[in-house]
$ cat model28.pdb   # PDB, C-alpha atoms
ATOM      1  CA  MET A   1     -12.705  21.146  24.199
ATOM      2  CA  SER A   2      -9.825  21.667  21.837
ATOM      3  CA  ILE A   3      -7.708  18.948  20.326
ATOM      4  CA  ALA A   4      -4.080  19.669  19.586
ATOM      5  CA  PHE A   5      -2.828  18.060  16.427
ATOM      6  CA  SER A   6       0.813  17.214  16.091
ATOM      7  CA  ALA A   7       2.799  15.126  13.696
ATOM      8  CA  GLU A   8       3.833  11.783  15.098
ATOM      9  CA  PRO A   9       7.097  10.178  14.065
ATOM     10  CA  ILE A  10       6.837   7.368  11.554
ATOM     11  CA  PRO A  11       7.485   4.078  13.403
ATOM     12  CA  LEU A  12      10.037   2.889  10.853
ATOM     13  CA  SER A  13      13.779   2.650  11.336
ATOM     14  CA  LYS A  14      16.747   1.288   9.427
ATOM     15  CA  ASP A  15      19.013  -1.157  11.200
ATOM     16  CA  GLU A  16      22.771  -1.529  10.725
ATOM     17  CA  HIS A  17      22.200  -3.621   7.575
ATOM     18  CA  GLY A  18      19.832  -1.125   5.961
ATOM     19  CA  ASP A  19      16.745  -3.243   6.680
ATOM     20  CA  ILE A  20      13.624  -1.311   7.654
ATOM     21  CA  ARG A  21      11.999  -2.401  10.919
ATOM     22  CA  VAL A  22       8.531  -1.508  12.195
ATOM     23  CA  GLY A  23       8.141   0.035  15.640
ATOM     24  CA  ASP A  24      10.444  -0.960  18.456
ATOM     25  CA  CYS A  25      10.740  -4.575  17.393
ATOM     26  CA  ARG A  26      12.649  -6.674  14.875
ATOM     27  CA  VAL A  27       9.743  -7.218  12.451
ATOM     28  CA  LEU A  28      10.699  -6.196   8.930
ATOM     29  CA  LEU A  29       8.607  -3.765   6.914
ATOM     30  CA  ASP A  30       8.740  -6.398   4.153
ATOM     31  CA  LEU A  31       6.645  -8.777   6.245
ATOM     32  CA  VAL A  32       4.031  -6.155   7.068
ATOM     33  CA  VAL A  33       3.748  -4.964   3.457
ATOM     34  CA  HIS A  34       3.532  -8.490   2.018
ATOM     35  CA  ALA A  35       0.893  -9.484   4.570
ATOM     36  CA  PHE A  36      -1.101  -6.319   3.821
ATOM     37  CA  ASP A  37      -0.820  -6.871   0.055
ATOM     38  CA  ASP A  38      -2.014 -10.453   0.607
ATOM     39  CA  GLY A  39      -5.179  -9.084   2.229
ATOM     40  CA  ALA A  40      -4.308  -9.176   5.933
ATOM     41  CA  THR A  41      -5.768  -6.454   8.110
ATOM     42  CA  PRO A  42      -3.554  -4.562  10.572
ATOM     43  CA  GLU A  43      -5.217  -6.537  13.386
ATOM     44  CA  THR A  44      -4.339  -9.816  11.660
ATOM     45  CA  ILE A  45      -0.758  -8.646  11.130
ATOM     46  CA  VAL A  46      -0.436  -7.905  14.860
ATOM     47  CA  GLN A  47      -1.731 -11.398  15.576
ATOM     48  CA  MET A  48       0.893 -12.806  13.197
ATOM     49  CA  TYR A  49       3.720 -10.794  14.796
ATOM     50  CA  SER A  50       2.831 -10.278  18.433
ATOM     51  CA  THR A  51       5.720  -7.882  19.131
ATOM     52  CA  LEU A  52       4.121  -5.285  16.846
ATOM     53  CA  LYS A  53       1.833  -2.561  18.161
ATOM     54  CA  LEU A  54      -1.402  -2.001  16.269
ATOM     55  CA  ALA A  55      -0.822   1.763  15.922
ATOM     56  CA  ASP A  56       2.638   1.113  14.461
ATOM     57  CA  VAL A  57       1.201  -1.281  11.871
ATOM     58  CA  TYR A  58      -1.444   1.255  10.843
ATOM     59  CA  ALA A  59       1.231   3.973  10.590
ATOM     60  CA  ALA A  60       3.569   1.718   8.570
ATOM     61  CA  ILE A  61       0.758   0.837   6.178
ATOM     62  CA  ALA A  62      -0.213   4.509   5.849
ATOM     63  CA  TYR A  63       3.405   5.328   5.004
ATOM     64  CA  TYR A  64       3.479   2.487   2.483
ATOM     65  CA  LEU A  65       0.274   3.715   0.827
ATOM     66  CA  ARG A  66       1.653   7.258   0.578
ATOM     67  CA  HIS A  67       5.085   6.139  -0.656
ATOM     68  CA  ARG A  68       4.175   3.013  -2.564
ATOM     69  CA  GLN A  69       6.792   3.344  -5.319
ATOM     70  CA  GLU A  70       9.643   4.048  -2.890
ATOM     71  CA  ILE A  71       8.709   1.014  -0.792
ATOM     72  CA  ARG A  72       8.288  -1.188  -3.868
ATOM     73  CA  ASP A  73      11.752  -0.085  -5.059
ATOM     74  CA  TYR A  74      13.169  -0.905  -1.605
ATOM     75  CA  LEU A  75      11.504  -4.334  -1.637
ATOM     76  CA  ALA A  76      12.729  -5.037  -5.178
ATOM     77  CA  GLU A  77      16.293  -4.159  -4.166
ATOM     78  CA  ARG A  78      16.060  -6.470  -1.147
ATOM     79  CA  GLU A  79      14.797  -9.248  -3.417
ATOM     80  CA  ARG A  80      17.707  -8.692  -5.810
ATOM     81  CA  ARG A  81      20.150  -8.871  -2.890
ATOM     82  CA  ALA A  82      18.481 -12.049  -1.608
ATOM     83  CA  ASP A  83      18.669 -13.615  -5.091
ATOM     84  CA  GLY A  84      22.369 -12.787  -5.292
ATOM     85  CA  ILE A  85      23.026 -14.366  -1.901
ATOM     86  CA  ARG A  86      20.923 -17.401  -2.836
ATOM     87  CA  GLN A  87      22.852 -17.865  -6.097
ATOM     88  CA  SER A  88      26.165 -17.511  -4.289
ATOM     89  CA  ILE A  89      25.187 -20.175  -1.769
ATOM     90  CA  GLN A  90      23.881 -22.510  -4.470
ATOM     91  CA  ALA A  91      27.097 -22.096  -6.481
ATOM     92  CA  GLN A  92      29.055 -23.345  -3.465
ATOM     93  CA  GLN A  93      26.821 -26.373  -2.972
ATOM     94  CA  PRO A  94      27.318 -29.684  -4.773
ATOM     95  CA  GLU A  95      24.707 -30.811  -7.247
ATOM     96  CA  MET A  96      21.710 -32.473  -5.609
ATOM     97  CA  SER A  97      22.078 -35.452  -7.930
ATOM     98  CA  GLU A  98      25.569 -36.050  -6.521
ATOM     99  CA  ILE A  99      24.289 -35.866  -2.947
ATOM    100  CA  ARG A 100      21.436 -38.229  -3.822
ATOM    101  CA  ARG A 101      23.838 -40.722  -5.429
ATOM    102  CA  ARG A 102      26.078 -40.686  -2.348
ATOM    103  CA  LEU A 103      23.111 -41.228  -0.028
ATOM    104  CA  ILE A 104      21.840 -44.149  -2.133
ATOM    105  CA  ASP A 105      25.326 -45.665  -2.180
ATOM    106  CA  ARG A 106      25.611 -45.273   1.582
ATOM    107  CA  ARG A 107      22.175 -46.815   2.091
ATOM    108  CA  SER A 108      23.005 -49.823  -0.083
ATOM    109  CA  ILE A 109      26.279 -50.407   1.792
ATOM    110  CA  THR A 110      24.530 -50.070   5.164
ATOM    111  CA  GLY A 111      21.619 -52.187   3.982
ATOM    112  CA  ASN A 112      23.968 -54.960   2.793
ATOM    113  CA  ALA A 113      25.854 -54.872   6.084
ATOM    114  CA  ASN A 114      22.607 -55.106   8.065
ATOM    115  CA  ALA A 115      21.344 -57.985   5.890
ATOM    116  CA  ALA A 116      24.617 -59.896   6.380
ATOM    117  CA  ALA A 117      24.477 -59.365  10.136
ATOM    118  CA  ALA A 118      20.901 -60.704  10.270
ATOM    119  CA  GLU A 119      21.932 -63.986   8.598
TER     120      GLU A 119
END

$ encode --input "model28.pdb" --output "structure tokens"
Amino acid sequence: MSIAFSAEPIPLSKDEHGDIRVGDCRVLLDLVVHAFDDGATPETIVQMYSTLKLADVYAAIAYYLRHRQEIRDYLAERERRADGIRQSIQAQQPEMSEIRRRLIDRRSITGNANAAAAE
């Protein structure tokens, strides 16, 4: 019996935003790598994200282990982008202390109105 060996395509693809997805689903490589780095086995990762195929998770992890620095650079860039978006959103939001003050004021007005109605 002879076994033919052939290279299989890596089950990773970039979407229109440049995000890397695993297999034929929408699960991000980030999620698989973080779960693996946190000690999850490929079987556990498939249980966490049921749209993943076990073989694709093993292949993605193998790629990560062979290209660790490239993937870490990719993840770091995604984190920088996320931080920039987060800061932009926070800059457009009012201070939490202002929101809290308005809620307390509203509660005291509503509370006074309810107390007067009860009398």

$ residues_around --input "model28.pdb" --residues "range 37-54 of chain A" --least-positions-apart "3" --cutoff "10 Å" --atoms "all atoms listed in the file" --output "list in words"
Pro11, Val22, Gly23, Asp24, Cys25, Arg26, Val27, Leu31, Val32, Val33, His34, Val57, Tyr58, Ala59, Ala60 and Ile61 of chain A

$ closest_residue --input "model28.pdb" --among "A:Asp105, A:Asp56, A:Asp30, A:Glu16" --to "Glu77 in chain A" --atoms "only C-alpha atoms"
A:Asp30

$ axis_aligned_box --input "model28.pdb" --around "range 77-96 of chain A" --padding-each-side "6 Å" --output "JSON"
{"center_x": 21.9, "center_y": -18.3, "center_z": -4.2, "size_x": 26.3, "size_y": 40.3, "size_z": 18.1}

$ atom_distance --input "model28.pdb" --atom1 "CA of Ala7 in chain A" --atom2 "CA of Leu28 in chain A"
23.2 Å

$ atom_distance --input "model28.pdb" --atom1 "CA of Ala35 in chain A" --atom2 "CA of Leu75 in chain A"
13.3 Å

$ atom_distance --input "model28.pdb" --atom1 "CA of Tyr74 in chain A" --atom2 "CA of Lys14 in chain A"
11.8 Å

$ closest_residue --input "model28.pdb" --among "A:Ala76, A:Ile71, A:Ser2, A:Arg66" --to "Ile20 in chain A" --atoms "all atoms listed in the file"
A:Ile71

$ closest_atom_pairs --input "model28.pdb" --of "range 2-44 of chain A" --to "range 80-86 of chain A" --cutoff "12 Å" --atoms "all atoms listed in the file" --output "CSV"
residue,atom,partner,partner_atom,distance
A:His17,CA,A:Arg81,CA,11.9
A:Gly18,CA,A:Arg81,CA,11.8
A:Asp19,CA,A:Arg81,CA,11.6

$ build_atoms --input "model28.pdb" --residues "range 50-84 of chain A" --atoms "N, CA and C atoms" --output "mmCIF file, in the frame of the given file"
data_model
loop_
_atom_site.group_PDB
_atom_site.id
_atom_site.type_symbol
_atom_site.label_atom_id
_atom_site.label_comp_id
_atom_site.auth_asym_id
_atom_site.auth_seq_id
_atom_site.Cartn_x
_atom_site.Cartn_y
_atom_site.Cartn_z
ATOM 1 N N SER A 50 3.346 -10.795 17.164
ATOM 2 C CA SER A 50 2.831 -10.278 18.433
ATOM 3 C C SER A 50 3.683 -9.172 19.046
ATOM 4 N N THR A 51 4.903 -8.964 18.582
ATOM 5 C CA THR A 51 5.720 -7.882 19.131
ATOM 6 C C THR A 51 5.363 -6.523 18.528
ATOM 7 N N LEU A 52 4.554 -6.536 17.470
ATOM 8 C CA LEU A 52 4.121 -5.285 16.846
ATOM 9 C C LEU A 52 2.999 -4.643 17.646
ATOM 10 N N LYS A 53 2.945 -3.321 17.571
ATOM 11 C CA LYS A 53 1.833 -2.561 18.161
ATOM 12 C C LYS A 53 0.887 -2.189 17.019
ATOM 13 N N LEU A 54 -0.393 -2.259 17.303
ATOM 14 C CA LEU A 54 -1.402 -2.001 16.269
ATOM 15 C C LEU A 54 -1.224 -0.616 15.647
ATOM 16 N N ALA A 55 -0.991 0.403 16.452
ATOM 17 C CA ALA A 55 -0.822 1.763 15.922
ATOM 18 C C ALA A 55 0.384 1.843 14.987
ATOM 19 N N ASP A 56 1.450 1.114 15.321
ATOM 20 C CA ASP A 56 2.638 1.113 14.461
ATOM 21 C C ASP A 56 2.352 0.449 13.114
ATOM 22 N N VAL A 57 1.552 -0.602 13.121
ATOM 23 C CA VAL A 57 1.201 -1.281 11.871
ATOM 24 C C VAL A 57 0.356 -0.352 11.006
ATOM 25 N N TYR A 58 -0.634 0.301 11.612
ATOM 26 C CA TYR A 58 -1.444 1.255 10.843
ATOM 27 C C TYR A 58 -0.563 2.366 10.265
ATOM 28 N N ALA A 59 0.361 2.889 11.061
ATOM 29 C CA ALA A 59 1.231 3.973 10.590
ATOM 30 C C ALA A 59 2.160 3.482 9.477
ATOM 31 N N ALA A 60 2.689 2.275 9.606
ATOM 32 C CA ALA A 60 3.569 1.718 8.570
ATOM 33 C C ALA A 60 2.798 1.515 7.267
ATOM 34 N N ILE A 61 1.576 1.037 7.376
ATOM 35 C CA ILE A 61 0.758 0.837 6.178
ATOM 36 C C ILE A 61 0.397 2.178 5.552
ATOM 37 N N ALA A 62 0.086 3.170 6.376
ATOM 38 C CA ALA A 62 -0.213 4.509 5.849
ATOM 39 C C ALA A 62 1.001 5.061 5.106
ATOM 40 N N TYR A 63 2.187 4.876 5.678
ATOM 41 C CA TYR A 63 3.405 5.328 5.004
ATOM 42 C C TYR A 63 3.580 4.590 3.678
ATOM 43 N N TYR A 64 3.369 3.297 3.711
ATOM 44 C CA TYR A 64 3.479 2.487 2.483
ATOM 45 C C TYR A 64 2.507 2.991 1.421
ATOM 46 N N LEU A 65 1.273 3.265 1.798
ATOM 47 C CA LEU A 65 0.274 3.715 0.827
ATOM 48 C C LEU A 65 0.619 5.087 0.257
ATOM 49 N N ARG A 66 1.268 5.930 1.054
ATOM 50 C CA ARG A 66 1.653 7.258 0.578
ATOM 51 C C ARG A 66 2.966 7.248 -0.216
ATOM 52 N N HIS A 67 3.770 6.224 -0.010
ATOM 53 C CA HIS A 67 5.085 6.139 -0.656
ATOM 54 C C HIS A 67 5.259 4.780 -1.328
ATOM 55 N N ARG A 68 4.227 4.367 -2.005
ATOM 56 C CA ARG A 68 4.175 3.013 -2.564
ATOM 57 C C ARG A 68 5.371 2.712 -3.485
ATOM 58 N N GLN A 69 5.705 3.626 -4.378
ATOM 59 C CA GLN A 69 6.792 3.344 -5.319
ATOM 60 C C GLN A 69 8.138 3.241 -4.603
ATOM 61 N N GLU A 70 8.390 4.118 -3.643
ATOM 62 C CA GLU A 70 9.643 4.048 -2.890
ATOM 63 C C GLU A 70 9.764 2.715 -2.156
ATOM 64 N N ILE A 71 8.688 2.275 -1.542
ATOM 65 C CA ILE A 71 8.709 1.014 -0.792
ATOM 66 C C ILE A 71 8.841 -0.158 -1.760
ATOM 67 N N ARG A 72 8.157 -0.105 -2.876
ATOM 68 C CA ARG A 72 8.288 -1.188 -3.868
ATOM 69 C C ARG A 72 9.729 -1.260 -4.401
ATOM 70 N N ASP A 73 10.351 -0.103 -4.622
ATOM 71 C CA ASP A 73 11.752 -0.085 -5.059
ATOM 72 C C ASP A 73 12.654 -0.698 -3.984
ATOM 73 N N TYR A 74 12.415 -0.347 -2.726
ATOM 74 C CA TYR A 74 13.169 -0.905 -1.605
ATOM 75 C C TYR A 74 13.004 -2.429 -1.550
ATOM 76 N N LEU A 75 11.768 -2.894 -1.685
ATOM 77 C CA LEU A 75 11.504 -4.334 -1.637
ATOM 78 C C LEU A 75 12.150 -5.052 -2.820
ATOM 79 N N ALA A 76 12.111 -4.435 -3.990
ATOM 80 C CA ALA A 76 12.729 -5.037 -5.178
ATOM 81 C C ALA A 76 14.247 -5.145 -4.992
ATOM 82 N N GLU A 77 14.846 -4.117 -4.423
ATOM 83 C CA GLU A 77 16.293 -4.159 -4.166
ATOM 84 C C GLU A 77 16.635 -5.249 -3.160
ATOM 85 N N ARG A 78 15.827 -5.401 -2.131
ATOM 86 C CA ARG A 78 16.060 -6.470 -1.147
ATOM 87 C C ARG A 78 15.927 -7.841 -1.808
ATOM 88 N N GLU A 79 14.977 -7.975 -2.716
ATOM 89 C CA GLU A 79 14.797 -9.248 -3.417
ATOM 90 C C GLU A 79 15.994 -9.537 -4.323
ATOM 91 N N ARG A 80 16.511 -8.512 -4.980
ATOM 92 C CA ARG A 80 17.707 -8.692 -5.810
ATOM 93 C C ARG A 80 18.899 -9.129 -4.958
ATOM 94 N N ARG A 81 19.059 -8.485 -3.800
ATOM 95 C CA ARG A 81 20.150 -8.871 -2.890
ATOM 96 C C ARG A 81 19.979 -10.310 -2.432
ATOM 97 N N ALA A 82 18.755 -10.682 -2.075
ATOM 98 C CA ALA A 82 18.481 -12.049 -1.608
ATOM 99 C C ALA A 82 18.768 -13.052 -2.724
ATOM 100 N N ASP A 83 18.391 -12.724 -3.956
ATOM 101 C CA ASP A 83 18.669 -13.615 -5.091
ATOM 102 C C ASP A 83 20.173 -13.791 -5.284
ATOM 103 N N GLY A 84 20.921 -12.711 -5.154
ATOM 104 C CA GLY A 84 22.369 -12.787 -5.292
ATOM 105 C C GLY A 84 22.988 -13.678 -4.220
#
